[in-house]
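Next up, final.cif (mmCIF, C-alpha atoms):
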```
data_run
loop_
_atom_site.group_PDB
_atom_site.id
_atom_site.type_symbol
_atom_site.label_atom_id
_atom_site.label_comp_id
_atom_site.auth_asym_id
_atom_site.auth_seq_id
_atom_site.Cartn_x
_atom_site.Cartn_y
_atom_site.Cartn_z
ATOM 1 C CA THR A 255 0.000 0.000 0.000
ATOM 2 C CA SER A 256 3.002 2.333 0.092
ATOM 3 C CA SER A 257 2.380 3.385 -3.517
ATOM 4 C CA LEU A 258 -1.298 4.191 -2.876
ATOM 5 C CA ASP A 259 -2.500 7.484 -1.492
ATOM 6 C CA GLU A 260 -5.136 7.773 1.225
ATOM 7 C CA ALA A 261 -7.987 8.507 -1.210
ATOM 8 C CA GLN A 262 -7.223 5.416 -3.306
ATOM 9 C CA ILE A 263 -7.188 3.195 -0.215
ATOM 10 C CA LYS A 264 -10.486 4.686 0.934
ATOM 11 C CA TYR A 265 -12.156 4.103 -2.436
ATOM 12 C CA ALA A 266 -10.827 0.533 -2.606
ATOM 13 C CA ALA A 267 -12.221 -0.225 0.868
ATOM 14 C CA LEU A 268 -15.608 1.234 -0.076
ATOM 15 C CA ASP A 269 -15.682 -0.829 -3.275
ATOM 16 C CA ALA A 270 -14.952 -3.980 -1.266
ATOM 17 C CA VAL A 271 -17.792 -3.273 1.173
ATOM 18 C CA VAL A 272 -20.219 -2.565 -1.686
ATOM 19 C CA ALA A 273 -19.155 -5.751 -3.479
ATOM 20 C CA CYS A 274 -19.786 -7.868 -0.368
ATOM 21 C CA LYS A 275 -23.271 -6.415 0.070
ATOM 22 C CA ILE A 276 -24.058 -7.021 -3.598
ATOM 23 C CA PHE A 277 -22.998 -10.687 -3.424
ATOM 24 C CA GLN A 278 -25.127 -11.197 -0.315
ATOM 25 C CA ARG A 279 -28.197 -9.825 -2.116
ATOM 26 C CA LEU A 280 -27.514 -11.832 -5.280
ATOM 27 C CA ARG A 281 -27.522 -15.114 -3.373
ATOM 28 C CA SER A 282 -31.125 -14.582 -2.287
ATOM 29 C CA CYS A 283 -32.503 -13.332 -5.644
ATOM 30 C CA ASP A 284 -33.976 -15.005 -8.730
ATOM 31 C CA ASP A 285 -32.406 -14.706 -12.204
ATOM 32 C CA PHE A 286 -34.398 -11.610 -13.239
ATOM 33 C CA ALA A 287 -33.522 -9.725 -10.040
ATOM 34 C CA ARG A 288 -29.877 -10.724 -10.385
ATOM 35 C CA SER A 289 -29.809 -9.381 -13.934
ATOM 36 C CA ALA A 290 -31.375 -6.074 -12.836
ATOM 37 C CA ILE A 291 -28.955 -5.724 -9.918
ATOM 38 C CA SER A 292 -26.036 -6.534 -12.189
ATOM 39 C CA LEU A 293 -27.017 -3.852 -14.706
ATOM 40 C CA ARG A 294 -27.554 -1.261 -11.989
ATOM 41 C CA THR A 295 -24.271 -2.124 -10.286
ATOM 42 C CA ASN A 296 -22.385 -1.944 -13.573
ATOM 43 C CA TYR A 297 -23.876 1.504 -14.252
ATOM 44 C CA TYR A 298 -22.934 2.914 -10.846
ATOM 45 C CA LEU A 299 -19.436 1.427 -10.947
ATOM 46 C CA ARG A 300 -18.766 2.904 -14.393
ATOM 47 C CA LYS A 301 -20.110 6.260 -13.253
ATOM 48 C CA SER A 302 -17.922 6.145 -10.137
ATOM 49 C CA PHE A 303 -14.797 5.261 -12.113
ATOM 50 C CA ALA A 304 -15.544 8.014 -14.650
ATOM 51 C CA SER A 305 -15.916 10.678 -11.937
ATOM 52 C CA ARG A 306 -12.676 9.595 -10.266
ATOM 53 C CA LYS A 307 -10.830 9.745 -13.578
ATOM 54 C CA LEU A 308 -12.313 13.169 -14.315
ATOM 55 C CA LYS A 309 -11.109 14.491 -10.945
ATOM 56 C CA GLN A 310 -7.561 13.666 -11.993
ATOM 57 C CA GLN A 311 -7.826 15.912 -15.059
ATOM 58 C CA GLY A 312 -6.899 19.604 -15.130
ATOM 59 C CA TRP A 313 -9.449 22.322 -14.358
ATOM 60 C CA SER A 314 -9.870 23.245 -18.019
ATOM 61 C CA LYS A 315 -10.895 19.699 -18.988
ATOM 62 C CA ARG A 316 -13.226 19.396 -16.011
ATOM 63 C CA LEU A 317 -14.967 22.653 -16.910
ATOM 64 C CA LEU A 318 -15.192 21.543 -20.542
ATOM 65 C CA VAL A 319 -17.006 18.391 -19.422
ATOM 66 C CA PHE A 320 -19.316 20.496 -17.246
ATOM 67 C CA GLY A 321 -20.144 22.669 -20.257
ATOM 68 C CA CYS A 322 -20.792 19.646 -22.458
ATOM 69 C CA VAL A 323 -23.180 18.148 -19.887
ATOM 70 C CA PHE A 324 -25.055 21.461 -19.689
ATOM 71 C CA LEU A 325 -25.340 21.718 -23.484
ATOM 72 C CA LEU A 326 -26.502 18.099 -23.695
ATOM 73 C CA ILE A 327 -29.360 18.818 -21.278
ATOM 74 C CA TRP A 328 -30.210 22.229 -22.761
ATOM 75 C CA SER A 329 -29.977 21.468 -26.504
ATOM 76 C CA PRO A 330 -33.414 19.747 -26.847
ATOM 77 C CA SER A 331 -35.039 23.104 -26.058
ATOM 78 C CA LEU A 332 -33.721 24.527 -29.341
ATOM 79 C CA VAL A 333 -35.700 21.927 -31.279
ATOM 80 C CA LEU A 334 -38.721 21.908 -28.987
ATOM 81 C CA ALA A 335 -39.096 25.705 -29.012
ATOM 82 C CA GLY A 336 -39.159 25.732 -32.814
ATOM 83 C CA PHE A 337 -42.068 23.258 -32.889
ATOM 84 C CA MET A 338 -44.002 24.893 -30.054
ATOM 85 C CA THR A 339 -44.379 28.425 -31.403
ATOM 86 C CA PRO A 340 -43.303 30.587 -34.365
ATOM 87 C CA ASN A 341 -43.039 33.642 -32.094
ATOM 88 C CA GLN A 342 -39.396 34.550 -31.462
ATOM 89 C CA VAL A 343 -40.049 36.026 -28.017
ATOM 90 C CA GLN A 344 -41.874 32.903 -26.877
ATOM 91 C CA ARG A 345 -39.095 30.712 -28.241
ATOM 92 C CA ASP A 346 -36.546 32.773 -26.315
ATOM 93 C CA VAL A 347 -38.587 32.370 -23.131
ATOM 94 C CA VAL A 348 -38.759 28.584 -23.587
ATOM 95 C CA CYS A 349 -35.019 28.346 -24.259
ATOM 96 C CA ALA A 350 -34.170 30.623 -21.326
ATOM 97 C CA PHE A 351 -36.380 28.717 -18.878
ATOM 98 C CA TRP A 352 -35.027 25.375 -20.100
ATOM 99 C CA GLY A 353 -31.519 26.805 -19.813
ATOM 100 C CA LEU A 354 -32.108 27.751 -16.172
ATOM 101 C CA CYS A 355 -33.451 24.288 -15.386
ATOM 102 C CA SER A 356 -30.540 22.717 -17.281
ATOM 103 C CA LEU A 357 -28.020 24.730 -15.274
ATOM 104 C CA LEU A 358 -29.624 23.741 -11.967
ATOM 105 C CA LYS A 359 -29.695 20.074 -13.003
ATOM 106 C CA THR A 360 -26.081 20.159 -14.201
ATOM 107 C CA VAL A 361 -24.938 21.784 -10.962
ATOM 108 C CA GLN A 362 -26.862 19.173 -8.993
ATOM 109 C CA LEU A 363 -25.264 16.299 -10.927
ATOM 110 C CA TRP A 364 -21.814 17.876 -10.716
ATOM 111 C CA GLY A 365 -22.045 18.530 -6.990
ATOM 112 C CA THR A 366 -23.251 15.003 -6.323
ATOM 113 C CA GLU A 367 -20.619 13.218 -8.411
ATOM 114 C CA MET A 368 -17.578 15.509 -8.149
ATOM 115 C CA CYS A 369 -17.989 16.976 -4.662
ATOM 116 C CA LYS A 370 -20.093 14.248 -3.006
ATOM 117 C CA TYR A 371 -22.631 16.793 -1.779
ATOM 118 C CA ASP A 372 -25.906 15.445 -0.389
ATOM 119 C CA LYS A 373 -27.624 18.742 -1.259
ATOM 120 C CA PRO A 374 -25.493 20.299 -4.030
ATOM 121 C CA LEU A 375 -27.353 23.591 -4.509
ATOM 122 C CA SER A 376 -27.487 24.301 -0.796
ATOM 123 C CA SER A 377 -23.837 23.280 -0.360
ATOM 124 C CA TYR A 378 -22.666 25.586 -3.145
ATOM 125 C CA VAL A 379 -24.766 28.592 -2.083
ATOM 126 C CA LYS A 380 -24.764 28.215 1.739
ATOM 127 C CA PRO A 381 -27.832 30.477 1.988
ATOM 128 C CA ASP A 382 -27.958 33.192 4.638
ATOM 129 C CA ALA A 383 -30.669 35.869 4.628
ATOM 130 C CA GLN A 384 -28.612 38.462 6.518
ATOM 131 C CA GLU A 385 -25.652 38.195 4.145
ATOM 132 C CA LEU A 386 -28.008 38.385 1.161
ATOM 133 C CA PHE A 387 -29.554 41.591 2.529
ATOM 134 C CA GLN A 388 -26.116 43.093 3.126
ATOM 135 C CA GLY A 389 -25.172 42.374 -0.474
ATOM 136 C CA VAL A 390 -28.352 44.014 -1.755
ATOM 137 C CA LEU A 391 -27.702 47.145 0.317
ATOM 138 C CA THR A 392 -24.093 47.346 -0.875
ATOM 139 C CA GLY A 393 -25.005 47.027 -4.556
ATOM 140 C CA THR A 394 -27.812 49.569 -4.293
ATOM 141 C CA ALA A 395 -25.536 52.052 -2.540
ATOM 142 C CA LEU A 396 -22.742 51.643 -5.108
ATOM 143 C CA THR A 397 -25.052 52.222 -8.063
ATOM 144 C CA GLY A 398 -26.682 55.182 -6.354
ATOM 145 C CA LEU A 399 -23.301 56.784 -5.676
ATOM 146 C CA PHE A 400 -22.252 56.217 -9.282
ATOM 147 C CA TYR A 401 -25.238 58.042 -10.777
ATOM 148 C CA LEU A 402 -25.039 60.701 -8.095
ATOM 149 C CA ALA A 403 -21.437 61.342 -9.142
ATOM 150 C CA LEU A 404 -22.462 61.625 -12.807
ATOM 151 C CA TRP A 405 -25.114 64.165 -11.843
ATOM 152 C CA PHE A 406 -22.747 66.058 -9.538
ATOM 153 C CA PHE A 407 -20.069 66.480 -12.225
ATOM 154 C CA GLY A 408 -22.627 67.580 -14.811
ATOM 155 C CA PHE A 409 -22.625 64.570 -17.120
ATOM 156 C CA GLY A 410 -26.383 64.058 -16.853
ATOM 157 C CA THR A 411 -29.601 64.293 -14.876
ATOM 158 C CA ILE A 412 -31.938 61.772 -13.277
ATOM 159 C CA ALA A 413 -35.557 61.533 -14.457
ATOM 160 C CA PRO A 414 -37.404 58.924 -12.289
ATOM 161 C CA SER A 415 -40.476 59.125 -14.544
ATOM 162 C CA ARG A 416 -38.512 57.320 -17.273
ATOM 163 C CA VAL A 417 -38.254 54.126 -15.211
ATOM 164 C CA GLY A 418 -41.700 52.874 -16.229
ATOM 165 C CA GLY A 419 -43.450 52.700 -12.878
ATOM 166 C CA GLY A 420 -43.997 49.513 -10.909
ATOM 167 C CA ALA A 421 -43.746 47.298 -13.994
ATOM 168 C CA GLY A 422 -40.283 48.645 -14.753
ATOM 169 C CA VAL A 423 -39.143 48.076 -11.172
ATOM 170 C CA LEU A 424 -40.488 44.499 -11.126
ATOM 171 C CA ARG A 425 -38.848 43.718 -14.458
ATOM 172 C CA ALA A 426 -35.484 45.045 -13.251
ATOM 173 C CA ALA A 427 -35.787 43.160 -9.949
ATOM 174 C CA GLY A 428 -36.713 39.910 -11.693
ATOM 175 C CA LEU A 429 -33.865 40.078 -14.183
ATOM 176 C CA GLY A 430 -31.460 41.126 -11.439
ATOM 177 C CA ILE A 431 -32.348 38.162 -9.241
ATOM 178 C CA LEU A 432 -32.190 35.732 -12.172
ATOM 179 C CA SER A 433 -28.852 37.073 -13.402
ATOM 180 C CA GLY A 434 -27.287 37.321 -9.959
ATOM 181 C CA PHE A 435 -28.306 33.864 -8.786
ATOM 182 C CA THR A 436 -27.440 31.928 -11.950
ATOM 183 C CA LYS A 437 -24.120 33.650 -12.619
ATOM 184 C CA GLU A 438 -22.935 33.431 -9.022
ATOM 185 C CA LEU A 439 -23.939 29.779 -8.797
ATOM 186 C CA LEU A 440 -22.046 29.071 -12.016
ATOM 187 C CA PHE A 441 -18.960 31.262 -11.668
ATOM 188 C CA ARG A 442 -18.421 31.706 -7.923
ATOM 189 C CA GLY A 443 -19.937 28.325 -7.126
ATOM 190 C CA VAL A 444 -18.893 25.662 -9.637
ATOM 191 C CA VAL A 445 -16.122 27.308 -11.681
ATOM 192 C CA GLN A 446 -14.251 28.867 -8.760
ATOM 193 C CA LYS A 447 -14.350 25.624 -6.791
ATOM 194 C CA GLU A 448 -12.852 23.713 -9.726
ATOM 195 C CA LEU A 449 -10.151 26.349 -10.149
ATOM 196 C CA GLU A 450 -9.296 26.223 -6.450
ATOM 197 C CA ARG A 451 -8.672 22.474 -6.723
ATOM 198 C CA ASP A 452 -5.653 23.120 -8.952
ATOM 199 C CA LEU A 453 -4.575 26.735 -8.387
ATOM 200 C CA LYS A 454 -2.974 27.559 -5.053
ATOM 201 C CA PRO A 455 -3.164 29.950 -3.299
ATOM 202 C CA ASP A 456 -6.831 30.801 -3.871
ATOM 203 C CA GLY A 457 -5.904 34.277 -5.166
ATOM 204 C CA LYS A 458 -4.737 32.701 -8.423
ATOM 205 C CA ALA A 459 -8.115 31.047 -8.869
ATOM 206 C CA ALA A 460 -9.877 34.394 -8.352
ATOM 207 C CA LEU A 461 -7.663 36.047 -10.989
ATOM 208 C CA VAL A 462 -8.283 33.319 -13.569
ATOM 209 C CA LEU A 463 -11.989 33.400 -12.755
ATOM 210 C CA GLY A 464 -12.007 37.160 -13.349
ATOM 211 C CA LEU A 465 -10.652 36.642 -16.859
ATOM 212 C CA ILE A 466 -13.179 33.875 -17.568
ATOM 213 C CA PHE A 467 -16.062 35.927 -16.171
ATOM 214 C CA ALA A 468 -15.161 39.018 -18.222
ATOM 215 C CA SER A 469 -14.571 37.008 -21.407
ATOM 216 C CA ALA A 470 -17.920 35.229 -21.076
ATOM 217 C CA HIS A 471 -19.774 38.550 -21.404
ATOM 218 C CA LEU A 472 -18.254 39.293 -24.843
ATOM 219 C CA SER A 473 -17.925 42.990 -23.997
ATOM 220 C CA PRO A 474 -14.570 44.519 -25.047
ATOM 221 C CA HIS A 475 -15.408 47.902 -23.480
ATOM 222 C CA GLY A 476 -16.483 46.258 -20.247
ATOM 223 C CA PHE A 477 -13.701 43.662 -19.959
ATOM 224 C CA VAL A 478 -11.610 45.411 -17.312
ATOM 225 C CA GLY A 479 -14.609 46.475 -15.263
ATOM 226 C CA LEU A 480 -16.166 43.013 -15.370
ATOM 227 C CA ALA A 481 -12.871 41.412 -14.327
ATOM 228 C CA LEU A 482 -12.648 43.806 -11.369
ATOM 229 C CA LEU A 483 -16.274 43.086 -10.483
ATOM 230 C CA SER A 484 -15.504 39.369 -10.487
ATOM 231 C CA LEU A 485 -12.582 39.905 -8.109
ATOM 232 C CA CYS A 486 -14.821 41.896 -5.758
ATOM 233 C CA LEU A 487 -17.492 39.192 -5.818
ATOM 234 C CA SER A 488 -14.870 36.512 -5.131
ATOM 235 C CA GLU A 489 -13.582 38.530 -2.178
ATOM 236 C CA GLY A 490 -17.155 38.828 -0.949
ATOM 237 C CA LYS A 491 -17.491 35.059 -1.038
ATOM 238 C CA LYS A 492 -14.198 34.658 0.825
ATOM 239 C CA ALA A 493 -15.118 37.261 3.446
ATOM 240 C CA PHE A 494 -18.317 35.387 4.293
ATOM 241 C CA GLY A 495 -16.757 31.963 4.699
ATOM 242 C CA GLY A 496 -17.494 30.602 1.240
ATOM 243 C CA SER A 497 -21.184 31.545 1.243
ATOM 244 C CA LEU A 498 -22.579 32.909 -2.021
ATOM 245 C CA SER A 499 -25.399 34.802 -0.301
ATOM 246 C CA TYR A 500 -23.568 38.140 -0.135
ATOM 247 C CA SER A 501 -22.267 37.799 -3.701
ATOM 248 C CA ILE A 502 -25.725 36.898 -5.020
ATOM 249 C CA GLY A 503 -27.276 39.887 -3.240
ATOM 250 C CA LEU A 504 -24.557 42.245 -4.473
ATOM 251 C CA HIS A 505 -24.645 40.965 -8.053
ATOM 252 C CA SER A 506 -28.448 40.976 -8.243
ATOM 253 C CA SER A 507 -28.784 44.500 -6.871
ATOM 254 C CA LEU A 508 -26.069 45.830 -9.177
ATOM 255 C CA VAL A 509 -27.873 44.456 -12.224
ATOM 256 C CA ALA A 510 -31.327 45.612 -11.099
ATOM 257 C CA THR A 511 -30.318 49.115 -9.983
ATOM 258 C CA THR A 512 -28.177 49.617 -13.087
ATOM 259 C CA MET A 513 -31.189 48.807 -15.282
ATOM 260 C CA LEU A 514 -33.285 51.322 -13.351
ATOM 261 C CA GLY A 515 -30.491 53.897 -13.374
ATOM 262 C CA SER A 516 -29.936 53.489 -17.114
ATOM 263 C CA SER A 517 -33.635 54.119 -17.733
ATOM 264 C CA ALA A 518 -33.777 57.190 -15.489
ATOM 265 C CA TYR A 519 -30.422 58.701 -16.501
ATOM 266 C CA VAL A 520 -30.409 61.407 -19.173
ATOM 267 C CA GLN A 521 -26.971 62.314 -20.513
ATOM 268 C CA THR A 522 -26.365 66.042 -20.971
ATOM 269 C CA TYR A 523 -22.602 65.963 -21.536
ATOM 270 C CA PRO A 524 -20.472 63.110 -22.963
ATOM 271 C CA ALA A 525 -18.778 61.120 -20.210
ATOM 272 C CA PRO A 526 -15.677 58.918 -20.772
ATOM 273 C CA VAL A 527 -16.504 55.610 -22.476
ATOM 274 C CA TRP A 528 -14.426 53.662 -19.959
ATOM 275 C CA LEU A 529 -16.643 55.097 -17.220
ATOM 276 C CA VAL A 530 -20.161 54.775 -18.621
ATOM 277 C CA GLY A 531 -19.805 52.209 -21.390
ATOM 278 C CA SER A 532 -20.443 52.507 -25.106
ATOM 279 C CA SER A 533 -24.133 53.355 -24.617
ATOM 280 C CA GLY A 534 -23.244 56.344 -22.463
ATOM 281 C CA GLN A 535 -25.883 55.359 -19.928
ATOM 282 C CA SER A 536 -24.565 52.539 -17.786
ATOM 283 C CA PRO A 537 -21.359 52.095 -15.799
ATOM 284 C CA LEU A 538 -18.661 49.936 -17.277
ATOM 285 C CA VAL A 539 -18.012 48.007 -14.135
ATOM 286 C CA LEU A 540 -21.568 46.814 -13.738
ATOM 287 C CA ASP A 541 -22.669 43.522 -15.205
ATOM 288 C CA ARG A 542 -25.873 43.538 -17.218
#
```

Go through the file and emit its structure as structure tokens.
Amino acid sequence: TSSLDEAQIKYAALDAVVACKIFQRLRSCDDFARSAISLRTNYYLRKSFASRKLKQQGWSKRLLVFGCVFLLIWSPSLVLAGFMTPNQVQRDVVCAFWGLCSLLKTVQLWGTEMCKYDKPLSSYVKPDAQELFQGVLTGTALTGLFYLALWFFGFGTIAPSRVGGGAGVLRAAGLGILSGFTKELLFRGVVQKELERDLKPDGKAALVLGLIFASAHLSPHGFVGLALLSLCLSEGKKAFGGSLSYSIGLHSSLVATTMLGSSAYVQTYPAPVWLVGSSGQSPLVLDR
């Protein structure tokens, strides 16, 4: 056993225990039950060996497999949406909803197989209402200060009537919550954990994640700001003991308040592109 590490010995012992229990059950079963047990056992053993082999791969290959599993679950929606309705908006809604469900299912499968979580979503997020509320307050305050600064230096004015009333607020809140939860679960939850397996200290993982996060938004003007935002969100996760609650609250409120601010903001003097983005109405560092 000198050439085996502790994990290998542990897995071998578990396999031996499982094998003994299987043989005990097989002795008391008929041929049909034995065949069913054999098929099921073969499936679980192959799945277990595949997950162990995948853990030995680099973070880039592991994330590639995660992406492939997500696309495999999500891709039927592209065909189904086309048959369901000719309306483009309705097709987008179907694909988006299926995409959300696909992400949640992929995260659940990944957490169960790769991290051995009993409750993957809860284990990744570590929900805490107080931390979530703190994140919401922080994001709201940051966005408010940003637009206040634009007004103070004469770049524009704020017209609350342009927001669109309660419907506009609900739309911004809904999109903010959806964007904040899904992106934090994906990037700060799954991706960062996989990076931290290979990249030590954890600061390296946060830097690489920042580049991945910014690149995923396909926004050249916003690349630097999005990378910095990712670093801040990663620090928020670290500060709260690995919980995503603060990061989800911060991310969600930034998206929602930026949407509201963009609607209410009226530019009166050109501000720097690096500061307000190419549209001239929303801050570069905020994710939309």

Exercise. Find the residues near Met368 of chain A: any atom within 8 Å, counting only C-alpha atoms, skip ones fewer than 5 places away on the same chain, and give them as JSON, numbers by chain.
Key: {"A": [305, 306, 309]}

Quiz item: Which polymer residues, protein or nucleic acid, are no farther than 12 Å from (-36.4, 23.9, -17.8), counting all atoms listed in the file, as number ranges by chain?
Solution: A: 324, 327-332, 334-335, 347-360

Exercise. Excluding Ala304 of chain A and residues on its chain fewer than 5 positions from it, collect all residues at most 12 Å away from it, counting only C-alpha atoms, and give them as a VMD selection string.
Key: chain A and resid 297 to 299 309 to 311 316 319 367 to 368

Practice problem: Starting from the displayed file, determine the output of the PyMOL selection byres ((chain A and resi 501-509) around 7) and express the residue list as JSON, numbers by chain. | Solution: {"A": [386, 387, 389, 390, 392, 393, 394, 397, 430, 431, 433, 434, 435, 438, 487, 490, 491, 498, 499, 500, 510, 511, 512, 513, 540, 541, 542]}

Quiz item: Of the residues A:Ala468, A:Phe277, A:Ser488, A:Leu391, which is the one nearest to Glu450 of chain A, using all atoms listed in the file?
Solution: A:Ser488

Practice problem: Could you please determine the separation between atom CA of Lys492 of chain A and atom CA of Gln446 of chain A in Å, to one decimal place? | Solution: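 Here the two named atoms are 11.2 Å from each other.
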
Quiz item: Hey, can you check how far atom CA of Leu399 of chain A sits from atom CA of Gly476 of chain A?
Solution: 19.2 Å

Exercise. Figure out the distance between atom CA of Trp364 of chain A and atom CA of Val271 of chain A, please, to one decimal in Å.
Key: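 Separation between atom CA of Val271 of chain A and atom CA of Trp364 of chain A: 24.6 Å.
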
Quiz item: Hey, which of A:Cys369, A:Leu308, A:Leu318, A:Leu404 ends up closest to Pro524 of chain A? Count all atoms listed in the file.
Solution: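 Looking at the shortest contact to Pro524 of chain A, the residue is A:Leu404.
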
Would you mind completing segment 493-511 of chain A to N, CA, C and O atoms and writing the output as a short mmCIF file (atom, residue, chain, number, x, y, z; two decimals), in the frame of the given file?
```
data_model
loop_
_atom_site.label_atom_id
_atom_site.label_comp_id
_atom_site.auth_asym_id
_atom_site.auth_seq_id
_atom_site.Cartn_x
_atom_site.Cartn_y
_atom_site.Cartn_z
N ALA A 493 -14.89 36.54 2.19
CA ALA A 493 -15.12 37.26 3.45
C ALA A 493 -16.25 36.63 4.27
O ALA A 493 -16.25 36.75 5.50
N PHE A 494 -17.18 35.98 3.59
CA PHE A 494 -18.32 35.39 4.29
C PHE A 494 -18.20 33.87 4.37
O PHE A 494 -19.21 33.16 4.33
N GLY A 495 -16.99 33.38 4.44
CA GLY A 495 -16.76 31.96 4.70
C GLY A 495 -17.18 31.02 3.60
O GLY A 495 -17.55 29.87 3.88
N GLY A 496 -17.13 31.47 2.35
CA GLY A 496 -17.49 30.60 1.24
C GLY A 496 -18.96 30.65 0.86
O GLY A 496 -19.36 29.99 -0.11
N SER A 497 -19.77 31.42 1.58
CA SER A 497 -21.18 31.54 1.24
C SER A 497 -21.35 32.46 0.04
O SER A 497 -20.67 33.47 -0.10
N LEU A 498 -22.29 32.09 -0.84
CA LEU A 498 -22.58 32.91 -2.02
C LEU A 498 -23.68 33.93 -1.77
O LEU A 498 -24.02 34.71 -2.66
N SER A 499 -24.25 33.94 -0.58
CA SER A 499 -25.40 34.80 -0.30
C SER A 499 -25.07 36.27 -0.52
O SER A 499 -25.83 37.01 -1.17
N TYR A 500 -23.94 36.73 0.02
CA TYR A 500 -23.57 38.14 -0.14
C TYR A 500 -23.30 38.46 -1.61
O TYR A 500 -23.76 39.49 -2.12
N SER A 501 -22.59 37.58 -2.29
CA SER A 501 -22.27 37.80 -3.70
C SER A 501 -23.53 37.81 -4.56
O SER A 501 -23.65 38.63 -5.48
N ILE A 502 -24.47 36.93 -4.27
CA ILE A 502 -25.72 36.90 -5.02
C ILE A 502 -26.50 38.19 -4.79
O ILE A 502 -27.03 38.80 -5.74
N GLY A 503 -26.58 38.64 -3.54
CA GLY A 503 -27.28 39.89 -3.24
C GLY A 503 -26.63 41.08 -3.90
O GLY A 503 -27.32 41.94 -4.48
N LEU A 504 -25.29 41.14 -3.86
CA LEU A 504 -24.56 42.24 -4.47
C LEU A 504 -24.73 42.25 -5.99
O LEU A 504 -25.04 43.28 -6.60
N HIS A 505 -24.54 41.09 -6.59
CA HIS A 505 -24.64 40.96 -8.05
C HIS A 505 -26.06 41.30 -8.53
O HIS A 505 -26.25 42.06 -9.49
N SER A 506 -27.05 40.75 -7.85
CA SER A 506 -28.45 40.98 -8.24
C SER A 506 -28.82 42.44 -8.15
O SER A 506 -29.47 43.00 -9.05
N SER A 507 -28.42 43.09 -7.05
CA SER A 507 -28.78 44.50 -6.87
C SER A 507 -28.04 45.40 -7.85
O SER A 507 -28.59 46.41 -8.32
N LEU A 508 -26.80 45.05 -8.18
CA LEU A 508 -26.07 45.83 -9.18
C LEU A 508 -26.77 45.78 -10.54
O LEU A 508 -26.92 46.81 -11.21
N VAL A 509 -27.19 44.59 -10.94
CA VAL A 509 -27.87 44.46 -12.22
C VAL A 509 -29.20 45.21 -12.22
O VAL A 509 -29.51 45.97 -13.14
N ALA A 510 -30.00 45.00 -11.16
CA ALA A 510 -31.33 45.61 -11.10
C ALA A 510 -31.24 47.13 -11.02
O ALA A 510 -31.94 47.85 -11.77
N THR A 511 -30.41 47.66 -10.14
CA THR A 511 -30.32 49.12 -9.98
C THR A 511 -29.66 49.78 -11.19
O THR A 511 -29.99 50.92 -11.52
#
```
